[in-house]
file query_22.cif (mmCIF, C-alpha atoms)
data_entry
loop_
_atom_site.label_atom_id
_atom_site.label_comp_id
_atom_site.auth_asym_id
_atom_site.auth_seq_id
_atom_site.Cartn_x
_atom_site.Cartn_y
_atom_site.Cartn_z
CA MET A 27 0.00 0.00 0.00
CA GLU A 28 1.37 3.41 -0.95
CA ILE A 29 2.24 5.43 2.14
CA LEU A 30 4.14 8.38 0.65
CA ASN A 31 3.60 10.18 -2.62
CA VAL A 32 5.68 13.23 -3.54
CA GLU A 33 4.61 15.07 -6.68
CA ASN A 34 6.61 17.76 -8.47
CA ILE A 35 8.05 19.40 -5.35
CA THR A 36 9.90 22.65 -5.99
CA LYS A 37 11.84 24.89 -3.62
CA SER A 38 13.98 27.98 -4.08
CA PHE A 39 16.03 30.06 -1.70
CA GLY A 40 16.13 33.52 -3.22
CA LYS A 41 17.14 33.06 -6.83
CA THR A 42 18.63 29.63 -6.23
CA GLU A 43 16.46 26.71 -7.31
CA VAL A 44 17.23 23.82 -4.99
CA LEU A 45 14.39 21.47 -5.95
CA LYS A 46 13.18 21.62 -9.55
CA GLY A 47 10.25 19.21 -9.59
CA VAL A 48 10.92 16.08 -7.56
CA SER A 49 8.47 13.17 -7.68
CA PHE A 50 8.58 9.68 -6.15
CA SER A 51 6.41 7.28 -4.18
CA LEU A 52 7.00 4.71 -1.46
CA ASN A 53 4.98 1.73 -0.24
CA GLU A 54 4.51 0.77 3.38
CA GLY A 55 7.39 -1.33 4.72
CA GLU A 56 9.82 -0.29 1.97
CA VAL A 57 13.17 1.44 2.35
CA LEU A 58 14.22 4.18 -0.05
CA SER A 59 17.75 5.60 -0.07
CA VAL A 60 18.45 9.03 -1.53
CA ILE A 61 21.97 9.54 -2.83
CA GLY A 62 23.75 12.36 -4.59
CA SER A 63 26.47 14.97 -4.23
CA SER A 64 26.34 17.69 -1.60
CA GLY A 65 24.05 20.49 -2.78
CA SER A 66 21.89 18.22 -4.93
CA GLY A 67 18.79 18.93 -2.82
CA LYS A 68 18.58 15.78 -0.69
CA THR A 69 18.29 17.42 2.73
CA THR A 70 15.98 20.16 1.46
CA LEU A 71 13.65 17.49 0.11
CA LEU A 72 13.46 15.81 3.51
CA ARG A 73 12.90 19.14 5.25
CA CYS A 74 10.04 20.02 2.90
CA ILE A 75 8.30 16.71 3.51
CA ASN A 76 8.72 17.21 7.28
CA PHE A 77 7.53 20.87 7.21
CA LEU A 78 10.85 22.21 8.44
CA GLU A 79 10.78 24.07 5.12
CA THR A 80 7.73 24.99 3.07
CA ALA A 81 7.87 23.87 -0.55
CA ASP A 82 7.04 26.41 -3.25
CA GLY A 83 5.17 23.96 -5.42
CA GLY A 84 3.93 20.41 -5.62
CA ARG A 85 1.90 18.03 -3.52
CA ILE A 86 2.72 15.60 -0.69
CA THR A 87 0.46 12.76 0.44
CA VAL A 88 1.16 10.64 3.54
CA ASP A 89 -0.90 7.56 4.35
CA GLY A 90 -3.67 8.67 1.99
CA GLU A 91 -3.91 12.20 3.40
CA VAL A 92 -2.75 15.26 1.47
CA ILE A 93 -0.50 17.16 3.85
CA PHE A 94 0.71 19.78 1.36
CA ASP A 95 -0.76 21.08 -1.88
CA ALA A 96 0.65 24.27 -3.38
CA GLU A 97 -2.45 24.70 -5.55
CA ASN A 98 -4.62 24.82 -2.44
CA PRO A 99 -2.37 26.84 -0.15
CA GLU A 100 -4.69 27.02 2.82
CA LYS A 101 -2.58 28.15 5.74
CA MET A 102 -2.20 25.30 8.21
CA LYS A 103 -2.24 26.04 11.89
CA SER A 104 0.86 25.15 13.89
CA ARG A 105 -1.13 22.40 15.63
CA GLN A 106 -1.90 20.75 12.28
CA ILE A 107 1.75 20.96 11.24
CA ARG A 108 2.83 19.30 14.49
CA GLU A 109 0.29 16.51 13.93
CA HIS A 110 1.70 15.86 10.46
CA GLN A 111 5.26 15.93 11.79
CA THR A 112 4.46 13.14 14.25
CA LYS A 113 3.68 10.91 11.27
CA ILE A 114 7.14 11.51 9.82
CA GLY A 115 10.04 10.90 12.21
CA LEU A 116 13.27 12.67 11.33
CA VAL A 117 16.73 11.70 12.59
CA PHE A 118 19.20 14.53 12.05
CA GLN A 119 22.89 14.50 11.23
CA GLN A 120 23.89 16.28 14.44
CA PHE A 121 21.62 14.37 16.86
CA ASN A 122 19.82 17.56 18.12
CA LEU A 123 19.34 16.18 21.62
CA PHE A 124 18.30 18.52 24.43
CA PRO A 125 21.36 18.87 26.71
CA GLN A 126 19.28 19.69 29.81
CA TYR A 127 17.42 16.34 29.68
CA ASP A 128 18.76 12.88 30.31
CA VAL A 129 18.29 10.07 27.80
CA LEU A 130 14.86 9.11 29.12
CA GLY A 131 13.78 12.74 29.20
CA ASN A 132 14.83 13.29 25.59
CA VAL A 133 12.80 10.30 24.42
CA THR A 134 9.69 11.07 26.49
CA LEU A 135 9.52 14.87 26.16
CA ALA A 136 7.34 15.06 23.05
CA LEU A 137 5.12 12.24 24.29
CA LYS A 138 4.52 13.99 27.61
CA LEU A 139 3.79 17.33 25.97
CA LYS A 140 1.30 15.58 23.72
CA ALA A 141 -0.28 13.76 26.68
CA LYS A 142 -1.05 17.06 28.44
CA LYS A 143 -3.63 17.76 25.76
CA ARG A 144 -5.61 14.63 26.58
CA GLU A 145 -8.96 15.21 28.22
CA ASP A 146 -8.20 12.65 30.92
CA TYR A 147 -4.68 13.91 31.65
CA LYS A 148 -5.38 15.58 35.00
CA LYS A 149 -7.44 12.67 36.22
CA ASN A 150 -4.97 9.96 35.19
CA LYS A 151 -1.69 11.91 35.11
CA LYS A 152 0.38 9.42 37.14
CA GLN A 153 -0.73 6.41 35.10
CA ILE A 154 -0.26 8.19 31.78
CA LEU A 155 3.28 9.31 32.65
CA GLU A 156 4.20 5.85 33.90
CA GLU A 157 2.97 4.32 30.64
CA ILE A 158 5.03 6.82 28.64
CA ASP A 159 8.16 6.04 30.64
CA ALA A 160 7.60 2.29 30.23
CA LYS A 161 7.14 2.67 26.47
CA ALA A 162 10.32 4.76 26.18
CA MET A 163 12.36 2.34 28.27
CA LYS A 164 11.27 -0.56 26.06
CA ILE A 165 12.47 1.31 22.96
CA LEU A 166 15.74 2.28 24.66
CA ASP A 167 16.28 -1.34 25.68
CA ASP A 168 15.78 -2.38 22.05
CA MET A 169 18.43 0.20 21.14
CA GLY A 170 20.85 -1.23 23.71
CA LEU A 171 20.59 1.86 25.89
CA SER A 172 18.85 0.55 29.01
CA GLU A 173 21.90 1.31 31.14
CA LYS A 174 22.11 4.89 29.85
CA ILE A 175 18.59 6.18 30.60
CA HIS A 176 19.80 8.62 33.25
CA SER A 177 22.88 9.77 31.33
CA TYR A 178 22.98 13.20 29.71
CA PRO A 179 23.96 13.76 26.06
CA CYS A 180 27.33 15.24 27.09
CA GLN A 181 28.13 11.93 28.81
CA LEU A 182 27.58 9.89 25.63
CA SER A 183 29.75 9.41 22.57
CA GLY A 184 28.36 10.01 19.09
CA GLY A 185 27.07 6.49 18.46
CA PRO A 186 24.87 6.30 21.58
CA GLN A 187 23.68 9.88 21.02
CA GLN A 188 22.48 8.96 17.55
CA ARG A 189 20.75 5.86 18.90
CA VAL A 190 18.94 8.10 21.41
CA SER A 191 17.79 10.35 18.57
CA ILE A 192 16.49 7.30 16.70
CA ALA A 193 14.68 6.12 19.85
CA ARG A 194 13.14 9.58 20.24
CA ALA A 195 11.79 9.48 16.70
CA MET A 196 10.50 5.92 17.12
CA ALA A 197 8.66 6.78 20.36
CA LEU A 198 6.13 8.83 18.41
CA GLU A 199 5.31 5.79 16.26
CA PRO A 200 5.79 7.58 12.93
CA LYS A 201 4.38 6.21 9.70
CA ILE A 202 7.74 6.92 8.00
CA LEU A 203 11.20 7.38 9.48
CA PHE A 204 13.59 9.74 7.71
CA PHE A 205 17.36 9.67 8.21
CA ASP A 206 19.45 12.63 7.04
CA GLU A 207 22.96 11.21 6.65
CA PRO A 208 22.77 9.55 10.09
CA THR A 209 26.45 8.54 10.16
CA SER A 210 28.05 11.72 8.79
CA ALA A 211 28.90 13.12 12.25
CA LEU A 212 30.32 9.84 13.54
CA ASP A 213 33.81 8.40 13.62
CA PRO A 214 34.15 5.50 11.15
CA GLU A 215 34.31 2.95 13.99
CA LEU A 216 30.91 4.15 15.30
CA THR A 217 29.22 4.11 11.91
CA GLY A 218 28.65 0.37 12.02
CA GLU A 219 26.47 0.44 15.14
CA ILE A 220 24.07 2.98 13.62
CA LEU A 221 23.89 1.10 10.34
CA ARG A 222 23.13 -2.04 12.33
CA VAL A 223 20.19 -0.30 14.06
CA ILE A 224 18.81 0.89 10.72
CA ARG A 225 19.28 -2.59 9.25
CA GLU A 226 17.28 -4.09 12.13
CA LEU A 227 14.48 -1.55 11.56
CA ALA A 228 14.41 -2.51 7.88
CA GLN A 229 14.08 -6.17 8.86
CA LYS A 230 11.07 -5.19 10.98
CA LYS A 231 9.54 -3.54 7.87
CA MET A 232 9.79 0.02 9.15
CA THR A 233 9.12 2.39 6.26
CA MET A 234 12.22 4.55 5.84
CA VAL A 235 13.79 7.19 3.64
CA ILE A 236 17.56 7.40 4.13
CA VAL A 237 19.86 10.10 2.79
CA THR A 238 23.28 8.48 2.80
CA HIS A 239 26.73 8.34 1.25
CA GLU A 240 27.18 4.71 2.33
CA MET A 241 26.67 3.05 -1.05
CA ASN A 242 27.19 -0.55 0.01
CA PHE A 243 24.78 -0.08 2.88
CA ALA A 244 22.21 1.59 0.60
CA LYS A 245 22.45 -1.31 -1.84
CA GLU A 246 22.04 -3.85 0.95
CA VAL A 247 19.21 -2.34 3.00
CA SER A 248 17.13 -0.45 0.41
CA ASP A 249 14.36 -1.59 -1.86
CA TYR A 250 14.85 1.42 -4.13
CA ILE A 251 17.38 4.19 -4.60
CA VAL A 252 16.87 7.71 -5.90
CA PHE A 253 19.89 9.57 -7.30
CA MET A 254 19.52 13.34 -7.10
CA ASP A 255 21.58 15.76 -9.14
CA GLY A 256 21.08 19.49 -9.49
CA GLY A 257 17.70 19.52 -7.78
CA VAL A 258 16.11 16.76 -9.86
CA ILE A 259 15.95 12.97 -9.75
CA ALA A 260 18.50 12.01 -12.38
CA GLU A 261 17.98 8.25 -11.98
CA GLN A 262 15.95 5.90 -9.79
CA GLY A 263 15.36 2.18 -9.60
CA LYS A 264 15.78 -0.99 -7.62
CA ALA A 265 18.73 -0.69 -5.25
CA GLN A 266 21.10 -3.39 -6.44
CA GLU A 267 20.43 -2.78 -10.11
CA LEU A 268 20.95 0.98 -9.83
CA ILE A 269 24.26 0.68 -7.97
CA GLU A 270 25.68 -2.15 -10.07
CA ASN A 271 24.35 -1.05 -13.47
CA PRO A 272 23.89 2.73 -13.55
CA LYS A 273 22.31 3.95 -16.77
CA THR A 274 23.22 7.65 -16.79
CA GLU A 275 26.74 8.99 -17.21
CA ARG A 276 26.17 11.34 -14.27
CA LEU A 277 25.48 8.45 -11.88
CA LYS A 278 28.38 6.45 -13.26
CA THR A 279 30.68 9.40 -12.56
CA PHE A 280 29.26 9.88 -9.06
CA LEU A 281 29.74 6.22 -8.12
CA SER A 282 33.23 6.05 -9.61
CA LYS A 283 34.37 9.03 -7.50
CA LEU A 284 33.12 7.31 -4.34
CA SER A 285 35.11 4.20 -5.16
CA ASP A 286 38.35 6.06 -5.90
#
call {"tool": "encode", "arguments": {"input": "query_22.cif", "output": "structure tokens"}}
result
Amino acid sequence: MEILNVENITKSFGKTEVLKGVSFSLNEGEVLSVIGSSGSGKTTLLRCINFLETADGGRITVDGEVIFDAENPEKMKSRQIREHQTKIGLVFQQFNLFPQYDVLGNVTLALKLKAKKREDYKKNKKQILEEIDAKAMKILDDMGLSEKIHSYPCQLSGGPQQRVSIARAMALEPKILFFDEPTSALDPELTGEILRVIRELAQKKMTMVIVTHEMNFAKEVSDYIVFMDGGVIAEQGKAQELIENPKTERLKTFLSKLSD
């Protein structure tokens, strides 16, 4: 079943066109990797889908619901934007953890803020908060972080910090999980543990879109790969076929530079 449909998304910053009409779709349980050189529009595409940027044109549908349509630019309230964002988890390059909260606090913060809006919150506050903590601790245990729940971000190395950011995104039970170069801020020896977490999520049929420069990993874990160049999709196809038998000269050049 199709869970994400992106149609002709455009985005400019001043006179610079960053996205020039990007379209793709993704079915539930599939993994899509987005590759391309720096400046090709990969991160901007993710930010537009997640409402961290507002696209200039196009249409985005998530789980059958149109969440953005430039031809019907009705101004969404901030509450509606937040609701849409909970459907699309985003794991950043730089972790973006809150330094004043411990690991458990980082994972539960959004859940507890959301719970305060429940009609039964005042009446059942203790039970609700206990359930949130239990849910978060289960996710952290799955991430191998059960012994770090009271540690603060400054006490963790890059690998565990990134696992906390993944746990935080997973806690909101998103329909789709986006990764924006999740290993780019890590030392090479820590990259493997994050790729292992993502690989396990793929095995559990978590729907994911991954911006990455790890070509072997993209080929292994992805169902499909999109190659972006100059703000457009220059080539797309099944993962193994696209990496092993690129059709366009631009993709051939890109892959050959990575292997040099």
call {"tool": "atom_distance", "arguments": {"input": "query_22.cif", "atom1": "atom CA of A:Gly131", "atom2": "atom CA of A:His176"}}
result
8.3 Å
call {"tool": "closest_atom_pairs", "arguments": {"input": "query_22.cif", "of": "stretch 124-223 of chain A", "to": "stretch 229-247 of chain A", "cutoff": "6 Å", "atoms": "only C-alpha atoms", "output": "tab-separated table"}}
result
residue	atom	partner	partner_atom	distance
A:Ile202	CA	A:Thr233	CA	5.0
A:Leu203	CA	A:Met234	CA	4.7
A:Phe204	CA	A:Val235	CA	4.8
A:Phe205	CA	A:Ile236	CA	4.7
A:Asp206	CA	A:Val237	CA	5.0
A:Glu207	CA	A:Thr238	CA	4.7
call {"tool": "write_last_selection", "arguments": {"input": "query_22.cif", "atoms": "C-alpha atoms", "output": "PDB file, in the coordinates of the input"}}
result
ATOM      1  CA  ILE A 202       7.740   6.920   8.000  1.00  0.00           C
ATOM      2  CA  LEU A 203      11.200   7.380   9.480  1.00  0.00           C
ATOM      3  CA  PHE A 204      13.590   9.740   7.710  1.00  0.00           C
ATOM      4  CA  PHE A 205      17.360   9.670   8.210  1.00  0.00           C
ATOM      5  CA  ASP A 206      19.450  12.630   7.040  1.00  0.00           C
ATOM      6  CA  GLU A 207      22.960  11.210   6.650  1.00  0.00           C
TER       7      GLU A 207
END
call {"tool": "atom_distance", "arguments": {"input": "query_22.cif", "atom1": "atom CA of A:Val57", "atom2": "atom CA of A:Ile114"}}
result
13.9 Å
call {"tool": "resolve_selection", "arguments": {"input": "query_22.cif", "expression": "the PyMOL selection byres ((chain A and resi 71) around 9)", "output": "PyMOL selection string"}}
result
chain A and resi 35-37+44-45+48+67-70+72-76+79+81
call {"tool": "closest_residue", "arguments": {"input": "query_22.cif", "among": "A:Leu171, A:Phe280, A:Asp255, A:Gln187", "to": "A:Leu212", "atoms": "all atoms listed in the file"}}
result
A:Gln187
call {"tool": "closest_residue", "arguments": {"input": "query_22.cif", "among": "A:Gln181, A:Asn150, A:Ala193, A:Phe94", "to": "A:Leu135", "atoms": "all atoms listed in the file"}}
result
A:Ala193
call {"tool": "resolve_selection", "arguments": {"input": "query_22.cif", "expression": "the PyMOL selection byres ((chain A and resi 111-113) around 7)", "output": "PyMOL selection string"}}
result
chain A and resi 76+107-110+114-115+198+200-202
call {"tool": "residues_around", "arguments": {"input": "query_22.cif", "residues": "A:Leu123", "least_positions_apart": "2", "cutoff": "9 Å", "atoms": "only C-alpha atoms", "output": "number ranges by chain"}}
result
A: 120-121, 125-127, 129, 132, 179, 187-188, 190-191
call {"tool": "resolve_selection", "arguments": {"input": "query_22.cif", "expression": "the PyMOL selection byres ((chain A and resi 256) around 9)", "output": "MDAnalysis selection string"}}
result
chainID A and resid 43:46 63 65:67 254:255 257:260
call {"tool": "write_last_selection", "arguments": {"input": "query_22.cif", "atoms": "C-alpha atoms", "output": "CSV table (one decimal), keeping the file's coordinate frame"}}
result
chain,number,residue,atom,x,y,z
A,43,GLU,CA,16.5,26.7,-7.3
A,44,VAL,CA,17.2,23.8,-5.0
A,45,LEU,CA,14.4,21.5,-6.0
A,46,LYS,CA,13.2,21.6,-9.6
A,63,SER,CA,26.5,15.0,-4.2
A,65,GLY,CA,24.0,20.5,-2.8
A,66,SER,CA,21.9,18.2,-4.9
A,67,GLY,CA,18.8,18.9,-2.8
A,254,MET,CA,19.5,13.3,-7.1
A,255,ASP,CA,21.6,15.8,-9.1
A,257,GLY,CA,17.7,19.5,-7.8
A,258,VAL,CA,16.1,16.8,-9.9
A,259,ILE,CA,16.0,13.0,-9.8
A,260,ALA,CA,18.5,12.0,-12.4
call {"tool": "closest_residue", "arguments": {"input": "query_22.cif", "among": "A:Leu116, A:Leu284, A:Ile29, A:Ile61", "to": "A:Asp89", "atoms": "all atoms listed in the file"}}
result
A:Ile29
call {"tool": "residues_around", "arguments": {"input": "query_22.cif", "residues": "A:Gly263", "least_positions_apart": "4", "cutoff": "8 Å", "atoms": "only C-alpha atoms", "output": "list in words"}}
result
Tyr250, Ile251, Val252, Glu267 and Leu268 of chain A
call {"tool": "residues_around", "arguments": {"input": "query_22.cif", "residues": "A:Lys278", "least_positions_apart": "3", "cutoff": "12 Å", "atoms": "only C-alpha atoms", "output": "list in words"}}
result
Gly62, Phe253, Ala260, Glu261, Leu268, Ile269, Glu270, Asn271, Pro272, Lys273, Thr274, Glu275, Leu281, Ser282, Lys283, Leu284 and Ser285 of chain A
call {"tool": "closest_residue", "arguments": {"input": "query_22.cif", "among": "A:Ala197, A:Lys264, A:Gly184, A:Thr80", "to": "A:Glu219", "atoms": "all atoms listed in the file"}}
result
A:Gly184
call {"tool": "atom_distance", "arguments": {"input": "query_22.cif", "atom1": "atom CA of A:Glu33", "atom2": "atom CA of A:Ala96"}}
result
10.5 Å
call {"tool": "residues_near_point", "arguments": {"input": "query_22.cif", "point": "(2.3, 13.1, 28.4)", "cutoff": "7 Å", "atoms": "all atoms listed in the file", "output": "compact mmCIF listing (two decimals) with C-alpha atoms, in the coordinates of the input"}}
result
# COMPACT_ATOMS: atom_id res chain seq x y z
CA LEU A 137 5.12 12.24 24.29
CA LYS A 138 4.52 13.99 27.61
CA LEU A 139 3.79 17.33 25.97
CA LYS A 140 1.30 15.58 23.72
CA ALA A 141 -0.28 13.76 26.68
CA LYS A 142 -1.05 17.06 28.44
CA ILE A 154 -0.26 8.19 31.78
CA LEU A 155 3.28 9.31 32.65
CA ILE A 158 5.03 6.82 28.64
call {"tool": "closest_residue", "arguments": {"input": "query_22.cif", "among": "A:Val133, A:Asn122, A:Glu54, A:Cys180", "to": "A:Lys161", "atoms": "only C-alpha atoms"}}
result
A:Val133
call {"tool": "build_atoms", "arguments": {"input": "query_22.cif", "residues": "stretch 218-237 of chain A", "atoms": "N, CA, C and O atoms", "output": "mmCIF file, keeping the file's coordinate frame"}}
result
data_model
loop_
_atom_site.group_PDB
_atom_site.id
_atom_site.type_symbol
_atom_site.label_atom_id
_atom_site.label_comp_id
_atom_site.auth_asym_id
_atom_site.auth_seq_id
_atom_site.Cartn_x
_atom_site.Cartn_y
_atom_site.Cartn_z
ATOM 1 N N GLY A 218 29.226 1.703 12.112
ATOM 2 C CA GLY A 218 28.650 0.370 12.020
ATOM 3 C C GLY A 218 27.483 0.142 12.962
ATOM 4 O O GLY A 218 26.502 -0.514 12.595
ATOM 5 N N GLU A 219 27.544 0.689 14.188
ATOM 6 C CA GLU A 219 26.470 0.440 15.140
ATOM 7 C C GLU A 219 25.174 1.128 14.718
ATOM 8 O O GLU A 219 24.090 0.598 14.936
ATOM 9 N N ILE A 220 25.283 2.301 14.086
ATOM 10 C CA ILE A 220 24.070 2.980 13.620
ATOM 11 C C ILE A 220 23.508 2.276 12.395
ATOM 12 O O ILE A 220 22.289 2.094 12.266
ATOM 13 N N LEU A 221 24.367 1.846 11.496
ATOM 14 C CA LEU A 221 23.890 1.100 10.340
ATOM 15 C C LEU A 221 23.225 -0.202 10.762
ATOM 16 O O LEU A 221 22.252 -0.644 10.157
ATOM 17 N N ARG A 222 23.736 -0.808 11.820
ATOM 18 C CA ARG A 222 23.130 -2.040 12.330
ATOM 19 C C ARG A 222 21.715 -1.778 12.854
ATOM 20 O O ARG A 222 20.799 -2.567 12.610
ATOM 21 N N VAL A 223 21.534 -0.658 13.560
ATOM 22 C CA VAL A 223 20.190 -0.300 14.060
ATOM 23 C C VAL A 223 19.230 -0.093 12.901
ATOM 24 O O VAL A 223 18.097 -0.591 12.919
ATOM 25 N N ILE A 224 19.671 0.630 11.880
ATOM 26 C CA ILE A 224 18.810 0.890 10.720
ATOM 27 C C ILE A 224 18.494 -0.419 9.994
ATOM 28 O O ILE A 224 17.364 -0.642 9.547
ATOM 29 N N ARG A 225 19.486 -1.291 9.900
ATOM 30 C CA ARG A 225 19.280 -2.590 9.250
ATOM 31 C C ARG A 225 18.224 -3.401 9.999
ATOM 32 O O ARG A 225 17.349 -4.033 9.385
ATOM 33 N N GLU A 226 18.275 -3.363 11.327
ATOM 34 C CA GLU A 226 17.280 -4.090 12.130
ATOM 35 C C GLU A 226 15.883 -3.498 11.938
ATOM 36 O O GLU A 226 14.889 -4.242 11.885
ATOM 37 N N LEU A 227 15.779 -2.184 11.819
ATOM 38 C CA LEU A 227 14.480 -1.550 11.560
ATOM 39 C C LEU A 227 13.944 -1.972 10.193
ATOM 40 O O LEU A 227 12.740 -2.209 10.035
ATOM 41 N N ALA A 228 14.827 -2.078 9.215
ATOM 42 C CA ALA A 228 14.410 -2.510 7.880
ATOM 43 C C ALA A 228 13.879 -3.944 7.931
ATOM 44 O O ALA A 228 12.882 -4.277 7.273
ATOM 45 N N GLN A 229 14.534 -4.789 8.725
ATOM 46 C CA GLN A 229 14.080 -6.170 8.860
ATOM 47 C C GLN A 229 12.705 -6.256 9.508
ATOM 48 O O GLN A 229 11.953 -7.195 9.266
ATOM 49 N N LYS A 230 12.383 -5.248 10.336
ATOM 50 C CA LYS A 230 11.070 -5.190 10.980
ATOM 51 C C LYS A 230 10.031 -4.486 10.100
ATOM 52 O O LYS A 230 8.917 -4.243 10.530
ATOM 53 N N LYS A 231 10.421 -4.159 8.864
ATOM 54 C CA LYS A 231 9.540 -3.540 7.870
ATOM 55 C C LYS A 231 9.110 -2.129 8.267
ATOM 56 O O LYS A 231 7.984 -1.704 7.988
ATOM 57 N N MET A 232 10.025 -1.389 8.902
ATOM 58 C CA MET A 232 9.790 0.020 9.150
ATOM 59 C C MET A 232 9.974 0.778 7.846
ATOM 60 O O MET A 232 10.981 0.595 7.150
ATOM 61 N N THR A 233 9.010 1.594 7.476
ATOM 62 C CA THR A 233 9.120 2.390 6.260
ATOM 63 C C THR A 233 10.134 3.502 6.482
ATOM 64 O O THR A 233 10.014 4.281 7.437
ATOM 65 N N MET A 234 11.137 3.584 5.625
ATOM 66 C CA MET A 234 12.220 4.550 5.840
ATOM 67 C C MET A 234 12.672 5.211 4.547
ATOM 68 O O MET A 234 12.633 4.610 3.472
ATOM 69 N N VAL A 235 13.108 6.461 4.702
ATOM 70 C CA VAL A 235 13.790 7.190 3.640
ATOM 71 C C VAL A 235 15.132 7.619 4.219
ATOM 72 O O VAL A 235 15.188 8.294 5.249
ATOM 73 N N ILE A 236 16.218 7.207 3.569
ATOM 74 C CA ILE A 236 17.560 7.400 4.130
ATOM 75 C C ILE A 236 18.420 8.182 3.137
ATOM 76 O O ILE A 236 18.688 7.713 2.028
ATOM 77 N N VAL A 237 18.847 9.373 3.547
ATOM 78 C CA VAL A 237 19.860 10.100 2.790
ATOM 79 C C VAL A 237 21.214 9.611 3.270
ATOM 80 O O VAL A 237 21.524 9.678 4.460
#
